Amino acid sequence: MLVVILSQTLGGLGLAAGITVGALIAQEILGTDNLAGIPSAIFTLGSSFAAFMIGRLTQKNGRRLGLATGFLLGGMGALGVIFATAVENIYFLFLSLFIYGFGTATNLQARYASSDLAEPQDRSKAISIAMVATTFGAVVGPNLSATMSNLAITWHLPPLTGAFILSACAYLASGILWFVFLRPDPYQVAKVLQQEKNMSEKIVPILDKRALFIGALIMIVTLMLMVLSLLLTTYLLITFMKKDIR
C-alpha cells in the first residue's frame with residue numbers, strides 16, 4: 001500500500017501537464033488554434049492503446065513489470081514533448097503526446113494494485129486511499145506551474161515545457177518505484193492464492209459476459225463524457241487566453 005500511495009501521488013503530479021498544456025504548445029508551434037483538438041485526441045488515443053498493452057502485460061508478467069513499463073514510457077513521452085517544443089517540431093510533438101498518454105493510463109490502472117491482496121470487504125477502501133493519493137498529487141502539481149516555468153526558462157527552454165519537466169520526473173520516479181520496490185508482485189500472489197482456493201474448494205470460475213458488457217459500457221460512456229468535458233475546457237481556456245492577449 002505504501003508503494004501504491006507514493007506512486008499515485010507521483011502519478012498525480014505527472015498529470016499536471018495534461019491535455020491543456022499540450023494544446024497550448026501545439027497552438028504556439030502551429031500559430032493557430034484551429035487544430036487545438038488534435039493533441040487531445042492523440043493523447044487520448046495513446047492512453048487507450050496503453051490501457052490495453054499494460055493490461056495484457058500485467059496479466060502475463062504481473063503488476064510490477066506492467067506498471068513500471070507504463071510509467072517509464074509516459075516519462076519518456078514527457079521528455080519527448082519538451083524536446084519537440086524546444087525544436088518546434090509538430091510531428092514529434094504529436095508522437096510524444098501519444099507516448100505521454102501511457103502515463104495517464106498507467107496511473108489509472110495502478111490504483112487497482114492496492115486491492116490485489118486486500119480482503120473482499122476492504123477492496124473499495126484500498127482503492128479509495130489510492131485515489132486520494134492521486135488527488136493530492138493532482139492538486140499540488142498545478143500549484144508548482146510557476147516554479148516549473150521559471151525552471152524551464154533557467155534551462156533555456158520554453159516556459160510551457162515546465163509542466164512536462166515535472167511530469168517527466170514524476171512518471172520516471174514512479175516507474176522506478178514500482179520496478180524496485182513492488183516485491184513480491186501482489187497480482188501474481190493474489191492469482192496463486194485464488195487458484196489454490198479454487199482447487200481446494202473445487203470452484204469453477206464462471207464469466208458473466210452480460211455483466212461484463214454492461215460494466216464496460218458504463219465505463220466507456222462515462223469516460224467519453226469526461227473527455228468531452230476536458231475538450232470543452234481546453235477550447236474555452238484557449239479562447240479566453242486569446243482574448244486576453246488581444
# chains A, B, ... in the order shown; residues from 1 in each chain; ligands from 1
call {"tool": "residues_around", "arguments": {"residues": "Ala138 in chain A", "least_positions_apart": "3", "cutoff": "6 Å", "atoms": "only C-alpha atoms", "output": "count of residues only"}}
result
4
call {"tool": "closest_residue", "arguments": {"among": "A:Leu57, A:Met76, A:Val189, A:Val4", "to": "Tyr171 in chain A", "atoms": "only C-alpha atoms"}}
result
A:Met76
call {"tool": "atom_distance", "arguments": {"atom1": "CA of Leu95 in chain A", "atom2": "CA of Ile176 in chain A"}}
result
23.2 Å
call {"tool": "residues_around", "arguments": {"residues": "Pro158 in chain A", "least_positions_apart": "5", "cutoff": "8 Å", "atoms": "only C-alpha atoms", "output": "PyMOL selection string"}}
result
chain A and resi 85-86+149+152-153
call {"tool": "atom_distance", "arguments": {"atom1": "CA of Asp33 in chain A", "atom2": "CA of Thr233 in chain A"}}
result
13.9 Å
call {"tool": "residues_around", "arguments": {"residues": "Leu108 in chain A", "least_positions_apart": "5", "cutoff": "9 Å", "atoms": "only C-alpha atoms", "output": "number ranges by chain"}}
result
A: 8, 11, 51, 103, 131
call {"tool": "write_last_selection", "arguments": {"atoms": "C-alpha atoms", "output": "mmCIF file, in the first residue's frame"}}
result
data_model
loop_
_atom_site.group_PDB
_atom_site.id
_atom_site.type_symbol
_atom_site.label_atom_id
_atom_site.label_comp_id
_atom_site.auth_asym_id
_atom_site.auth_seq_id
_atom_site.Cartn_x
_atom_site.Cartn_y
_atom_site.Cartn_z
ATOM 1 C CA GLN A 8 -0.232 7.510 -7.066
ATOM 2 C CA GLY A 11 1.293 9.969 -10.860
ATOM 3 C CA ALA A 51 -4.553 0.588 -21.271
ATOM 4 C CA GLY A 103 1.494 7.634 -18.070
ATOM 5 C CA MET A 131 -7.388 7.691 -5.420
#
call {"tool": "atom_distance", "arguments": {"atom1": "CA of Arg64 in chain A", "atom2": "CA of Leu166 in chain A"}}
result
22.8 Å
call {"tool": "closest_residue", "arguments": {"among": "A:Ser114, A:Ser96, A:Thr222, A:Thr106", "to": "Phe52 in chain A", "atoms": "only C-alpha atoms"}}
result
A:Thr106
call {"tool": "closest_residue", "arguments": {"among": "A:Ile42, A:Leu30, A:Leu24, A:Ile5", "to": "Leu237 in chain A", "atoms": "only C-alpha atoms"}}
result
A:Leu24
call {"tool": "closest_residue", "arguments": {"among": "A:Phe179, A:Phe43, A:Phe240, A:Phe83", "to": "His156 in chain A", "atoms": "only C-alpha atoms"}}
result
A:Phe83
call {"tool": "closest_residue", "arguments": {"among": "A:Ile165, A:Leu35, A:Ala23, A:Leu212", "to": "Thr147 in chain A", "atoms": "only C-alpha atoms"}}
result
A:Ile165
call {"tool": "closest_residue", "arguments": {"among": "A:Leu72, A:Met1, A:Ala78, A:Leu117", "to": "Lys191 in chain A", "atoms": "only C-alpha atoms"}}
result
A:Leu117
call {"tool": "select_by_dssp", "arguments": {"residues": "range 3-245 of chain A", "states": "alpha helix (DSSP H)", "output": "PyMOL selection string"}}
result
chain A and resi 3-14+18-30+37-61+63-87+90-110+123-143+145-154+162-181+186-201+209-245
call {"tool": "residues_around", "arguments": {"residues": "Ala168 in chain A", "least_positions_apart": "4", "cutoff": "8 Å", "atoms": "only C-alpha atoms", "output": "MDAnalysis selection string"}}
result
chainID A and resid 14 74:79 164 172
